[in-house]
Amino acid sequence: MTTNGTITRAMDRIQQESSSEEDSASSVPLLQDKGGARVALSGKEGRSLMRHGEMRKPNELTELKVIHPEMGERSVLDSFRDLRTNLLQRIRGENFILLTTGVKHSSGSSFIAKNLAASFALDETRTAVLVDCDLRYPSHDELVNGATKGIIEYLEDDTTELSEVIYETGIKRLRVIPCVGKRECPSEYFSFPRMKEFFKDLKYRYSDRYLIVDAPPASEAADIRMLSDLVDYVLLVVPYGKVTEHEIEKASRAIPDEKLIGVVLNNEPE
């Protein structure tokens, strides 16, 4: 199987048309399983800072670097649909919690997480929740603009309800739990007893939703080991040509073998 083009270059071209801000949108979703074979991976609702039911326009989604049916670069859309389909085929389960982590910072894992969640939401039979656990470099609050509570507030305050930190995004069937502000010592939060309850409640309270977790880079080994214990599967994001084999090997060692579902190679030349 092969992918339909390079997401990096395609997204960059789209973004140039509407003005860009950073280069984390980058990837060719080629998955390499642990055996070495490379395959293409071609209740109460949350509060919203948008009007209830208000949907984002295609140009807004383009500016946010989120895939959508009206986008011009069909290869980008198809690649993420393929990624979703192949993950579902390999996992063969109900809903699951999938964590994305990069070999190092700026590997593109936030972009992958965001658009994986969006790809699930494109399917009218599925819904998704995107959880921002990259506490040093949070990025998904842009999907709600002005959130006052997020995962940190939930962990710190026992009176905060889960429904209070789940926000509408203006994208059908997609919700987000943002990280409000930055935290320099995320490990202390990942070890909170309420963190385990957080993921358990998310999975079982919203049993029809797929949970995509954007995590710190695998170079933060302690953080990834703690988070890996709380999720079902981990996808490792490797920026092509920007890391060494030693760095990739070290990153993979931070992830339990039984949790590592594969590796996404970002920005591989066609």
# chains A, B, ... in the order shown; residues from 1 in each chain; ligands from 1

call {"tool": "residues_around", "arguments": {"residues": "Leu98 (chain A)", "least_positions_apart": "4", "cutoff": "8 Å", "atoms": "only C-alpha atoms", "output": "number ranges by chain"}}
result
A: 211-213, 231-235

call {"tool": "write_last_selection", "arguments": {"atoms": "N, CA and C atoms", "output": "PDB file, in the first residue's frame"}}
result
ATOM      1  N   LEU A 211     -10.815   8.268  21.595  1.00  0.00           N
ATOM      2  CA  LEU A 211     -10.053   9.245  22.370  1.00  0.00           C
ATOM      3  C   LEU A 211      -8.635   9.331  21.844  1.00  0.00           C
ATOM      4  N   ILE A 212      -8.254  10.495  21.383  1.00  0.00           N
ATOM      5  CA  ILE A 212      -6.913  10.734  20.849  1.00  0.00           C
ATOM      6  C   ILE A 212      -6.184  11.667  21.806  1.00  0.00           C
ATOM      7  N   VAL A 213      -5.051  11.225  22.311  1.00  0.00           N
ATOM      8  CA  VAL A 213      -4.301  11.974  23.320  1.00  0.00           C
ATOM      9  C   VAL A 213      -3.011  12.510  22.709  1.00  0.00           C
ATOM     10  N   VAL A 231      -3.318   4.439  28.685  1.00  0.00           N
ATOM     11  CA  VAL A 231      -3.984   4.383  27.384  1.00  0.00           C
ATOM     12  C   VAL A 231      -3.918   2.972  26.817  1.00  0.00           C
ATOM     13  N   ASP A 232      -4.619   2.779  25.699  1.00  0.00           N
ATOM     14  CA  ASP A 232      -4.643   1.453  25.074  1.00  0.00           C
ATOM     15  C   ASP A 232      -3.488   1.249  24.102  1.00  0.00           C
ATOM     16  N   TYR A 233      -3.186   2.290  23.316  1.00  0.00           N
ATOM     17  CA  TYR A 233      -2.162   2.162  22.278  1.00  0.00           C
ATOM     18  C   TYR A 233      -1.372   3.467  22.144  1.00  0.00           C
ATOM     19  N   VAL A 234      -0.156   3.333  21.594  1.00  0.00           N
ATOM     20  CA  VAL A 234       0.713   4.499  21.388  1.00  0.00           C
ATOM     21  C   VAL A 234       1.212   4.493  19.948  1.00  0.00           C
ATOM     22  N   LEU A 235       1.151   5.652  19.324  1.00  0.00           N
ATOM     23  CA  LEU A 235       1.675   5.844  17.975  1.00  0.00           C
ATOM     24  C   LEU A 235       2.860   6.791  18.069  1.00  0.00           C
TER      25      LEU A 235
END

call {"tool": "residues_around", "arguments": {"residues": "Arg173 (chain A)", "least_positions_apart": "6", "cutoff": "12 Å", "atoms": "only C-alpha atoms", "output": "count of residues only"}}
result
22

call {"tool": "closest_atom_pairs", "arguments": {"of": "region 129-214 of chain A", "to": "region 64-69 of chain A", "cutoff": "12 Å", "atoms": "only C-alpha atoms", "output": "CSV"}}
result
residue,atom,partner,partner_atom,distance
A:Ser139,CA,A:Leu64,CA,10.7
A:His140,CA,A:Leu64,CA,9.8
A:Asp141,CA,A:Leu64,CA,11.2
A:Glu142,CA,A:Leu64,CA,7.9
A:Leu143,CA,A:Leu64,CA,7.9
A:Val144,CA,A:Leu64,CA,11.3
A:Asn145,CA,A:Leu64,CA,11.7
A:Thr169,CA,A:Val66,CA,11.3
A:Gly170,CA,A:Val66,CA,11.5
A:Ile171,CA,A:His68,CA,9.2
A:Lys172,CA,A:His68,CA,10.6
A:Leu174,CA,A:Val66,CA,11.6

call {"tool": "select_by_dssp", "arguments": {"residues": "region 121-264 of chain A", "states": "strand (DSSP E or B)", "output": "ChimeraX atom specification"}}
result
/A:127-132,167-168,174-177,209-214,233-239,260-264

call {"tool": "atom_distance", "arguments": {"atom1": "CA of Ser252 (chain A)", "atom2": "CA of Ala218 (chain A)"}}
result
7.6 Å

call {"tool": "atom_distance", "arguments": {"atom1": "CA of Ala215 (chain A)", "atom2": "CA of Ile91 (chain A)"}}
result
20.2 Å

call {"tool": "residues_around", "arguments": {"residues": "Ser106 (chain A)", "least_positions_apart": "2", "cutoff": "9 Å", "atoms": "only C-alpha atoms", "output": "list in words"}}
result
Asp23, Ser24, Gly102, Val103, Lys104, Gly108, Ser109, Ser110, Pro217 and Pro239 of chain A

call {"tool": "write_last_selection", "arguments": {"atoms": "C-alpha atoms", "output": "JSON list (two decimals), in the first residue's frame"}}
result
[["chain", "number", "residue", "atom", "x", "y", "z"],
["A", 23, "ASP", "CA", 5.72, 24.22, 10.88],
["A", 24, "SER", "CA", 4.33, 21.45, 13.06],
["A", 102, "GLY", "CA", 6.99, 12.38, 18.84],
["A", 103, "VAL", "CA", 10.60, 11.29, 19.08],
["A", 104, "LYS", "CA", 11.37, 14.84, 20.16],
["A", 108, "GLY", "CA", 4.51, 16.89, 14.30],
["A", 109, "SER", "CA", 2.64, 14.70, 16.79],
["A", 110, "SER", "CA", 0.17, 17.48, 17.65],
["A", 217, "PRO", "CA", 7.69, 13.85, 23.20],
["A", 239, "PRO", "CA", 10.29, 13.42, 11.72]]

call {"tool": "atom_distance", "arguments": {"atom1": "CA of Ile177 (chain A)", "atom2": "CA of Leu162 (chain A)"}}
result
9.3 Å

call {"tool": "residues_around", "arguments": {"residues": "Arg225 (chain A)", "least_positions_apart": "4", "cutoff": "9 Å", "atoms": "only C-alpha atoms", "output": "list in words"}}
result
Ala218, Glu220, Ala221, Asp229, Ala254, Ile255 and Pro256 of chain A

call {"tool": "closest_residue", "arguments": {"among": "A:Glu247, A:Glu164, A:Glu184, A:Asp134", "to": "Ser219 (chain A)", "atoms": "only C-alpha atoms"}}
result
A:Glu247

call {"tool": "decode", "arguments": {"residues": "region 113-210 of chain A", "atoms": "C-alpha atoms", "output": "mmCIF file, in the first residue's frame"}}
result
data_model
loop_
_atom_site.group_PDB
_atom_site.id
_atom_site.type_symbol
_atom_site.label_atom_id
_atom_site.label_comp_id
_atom_site.auth_asym_id
_atom_site.auth_seq_id
_atom_site.Cartn_x
_atom_site.Cartn_y
_atom_site.Cartn_z
ATOM 1 C CA ALA A 113 -3.321 13.869 16.873
ATOM 2 C CA LYS A 114 -5.566 16.744 15.800
ATOM 3 C CA ASN A 115 -6.249 15.377 12.354
ATOM 4 C CA LEU A 116 -6.627 11.784 13.475
ATOM 5 C CA ALA A 117 -9.371 13.002 15.781
ATOM 6 C CA ALA A 118 -10.868 15.027 12.922
ATOM 7 C CA SER A 119 -10.761 11.988 10.632
ATOM 8 C CA PHE A 120 -12.830 9.958 13.099
ATOM 9 C CA ALA A 121 -15.297 12.832 13.334
ATOM 10 C CA LEU A 122 -15.713 12.851 9.536
ATOM 11 C CA ASP A 123 -17.448 9.486 9.841
ATOM 12 C CA GLU A 124 -21.090 10.146 10.733
ATOM 13 C CA THR A 125 -21.170 6.922 12.758
ATOM 14 C CA ARG A 126 -18.247 7.920 14.997
ATOM 15 C CA THR A 127 -17.297 10.704 17.395
ATOM 16 C CA ALA A 128 -13.943 11.724 18.863
ATOM 17 C CA VAL A 129 -12.422 13.565 21.797
ATOM 18 C CA LEU A 130 -8.997 15.179 21.462
ATOM 19 C CA VAL A 131 -7.137 15.467 24.781
ATOM 20 C CA ASP A 132 -4.182 17.855 25.104
ATOM 21 C CA CYS A 133 -1.689 16.259 27.495
ATOM 22 C CA ASP A 134 1.353 18.094 26.148
ATOM 23 C CA LEU A 135 1.411 20.317 29.213
ATOM 24 C CA ARG A 136 4.676 22.107 28.360
ATOM 25 C CA TYR A 137 3.625 22.968 24.810
ATOM 26 C CA PRO A 138 -0.189 22.886 24.633
ATOM 27 C CA SER A 139 -1.690 23.778 21.279
ATOM 28 C CA HIS A 140 -5.285 22.625 20.991
ATOM 29 C CA ASP A 141 -6.888 25.477 22.910
ATOM 30 C CA GLU A 142 -6.944 27.186 19.495
ATOM 31 C CA LEU A 143 -9.939 24.985 18.700
ATOM 32 C CA VAL A 144 -12.023 26.630 21.427
ATOM 33 C CA ASN A 145 -10.447 30.103 21.809
ATOM 34 C CA GLY A 146 -10.577 31.353 25.375
ATOM 35 C CA ALA A 147 -11.175 28.236 27.451
ATOM 36 C CA THR A 148 -10.811 28.914 31.174
ATOM 37 C CA LYS A 149 -10.739 25.299 32.348
ATOM 38 C CA GLY A 150 -8.964 22.263 30.984
ATOM 39 C CA ILE A 151 -7.259 19.076 32.035
ATOM 40 C CA ILE A 152 -5.098 20.804 34.683
ATOM 41 C CA GLU A 153 -8.114 22.337 36.403
ATOM 42 C CA TYR A 154 -9.835 18.968 36.390
ATOM 43 C CA LEU A 155 -6.831 17.294 38.028
ATOM 44 C CA GLU A 156 -6.252 20.028 40.587
ATOM 45 C CA ASP A 157 -9.846 20.575 41.681
ATOM 46 C CA ASP A 158 -11.936 17.590 42.782
ATOM 47 C CA THR A 159 -15.094 19.647 42.354
ATOM 48 C CA THR A 160 -14.501 20.181 38.626
ATOM 49 C CA GLU A 161 -16.721 17.897 36.569
ATOM 50 C CA LEU A 162 -15.499 16.164 33.433
ATOM 51 C CA SER A 163 -18.270 17.849 31.452
ATOM 52 C CA GLU A 164 -16.857 21.251 32.422
ATOM 53 C CA VAL A 165 -13.616 20.691 30.502
ATOM 54 C CA ILE A 166 -15.026 19.144 27.327
ATOM 55 C CA TYR A 167 -15.587 21.810 24.670
ATOM 56 C CA GLU A 168 -17.280 21.951 21.330
ATOM 57 C CA THR A 169 -14.893 22.760 18.499
ATOM 58 C CA GLY A 170 -17.174 23.905 15.712
ATOM 59 C CA ILE A 171 -16.438 20.566 14.018
ATOM 60 C CA LYS A 172 -19.237 18.032 13.963
ATOM 61 C CA ARG A 173 -18.723 15.074 16.299
ATOM 62 C CA LEU A 174 -15.375 16.385 17.583
ATOM 63 C CA ARG A 175 -14.804 17.650 21.133
ATOM 64 C CA VAL A 176 -11.585 18.788 22.781
ATOM 65 C CA ILE A 177 -10.207 18.833 26.315
ATOM 66 C CA PRO A 178 -7.583 21.589 26.213
ATOM 67 C CA CYS A 179 -4.670 22.439 28.460
ATOM 68 C CA VAL A 180 -5.075 26.023 29.656
ATOM 69 C CA GLY A 181 -1.623 27.589 30.034
ATOM 70 C CA LYS A 182 1.693 25.763 30.354
ATOM 71 C CA ARG A 183 3.160 23.600 33.106
ATOM 72 C CA GLU A 184 6.911 23.047 33.460
ATOM 73 C CA CYS A 185 6.631 19.872 35.553
ATOM 74 C CA PRO A 186 3.947 17.751 33.867
ATOM 75 C CA SER A 187 5.084 14.510 35.537
ATOM 76 C CA GLU A 188 3.537 15.545 38.825
ATOM 77 C CA TYR A 189 0.142 15.794 37.124
ATOM 78 C CA PHE A 190 0.467 12.476 35.326
ATOM 79 C CA SER A 191 1.011 10.782 38.681
ATOM 80 C CA PHE A 192 -2.165 12.278 40.208
ATOM 81 C CA PRO A 193 -4.645 9.534 41.220
ATOM 82 C CA ARG A 194 -7.321 11.559 39.430
ATOM 83 C CA MET A 195 -5.424 11.165 36.136
ATOM 84 C CA LYS A 196 -6.256 7.473 36.037
ATOM 85 C CA GLU A 197 -9.875 8.246 36.872
ATOM 86 C CA PHE A 198 -9.877 10.872 34.117
ATOM 87 C CA PHE A 199 -9.111 8.384 31.353
ATOM 88 C CA LYS A 200 -11.322 5.690 32.828
ATOM 89 C CA ASP A 201 -14.278 8.068 33.004
ATOM 90 C CA LEU A 202 -13.668 9.336 29.481
ATOM 91 C CA LYS A 203 -13.561 5.856 27.993
ATOM 92 C CA TYR A 204 -16.537 4.392 29.785
ATOM 93 C CA ARG A 205 -18.781 7.437 30.105
ATOM 94 C CA TYR A 206 -18.386 8.202 26.418
ATOM 95 C CA SER A 207 -18.205 4.639 25.146
ATOM 96 C CA ASP A 208 -19.091 5.631 21.571
ATOM 97 C CA ARG A 209 -16.119 7.996 21.232
ATOM 98 C CA TYR A 210 -12.544 7.507 20.109
#
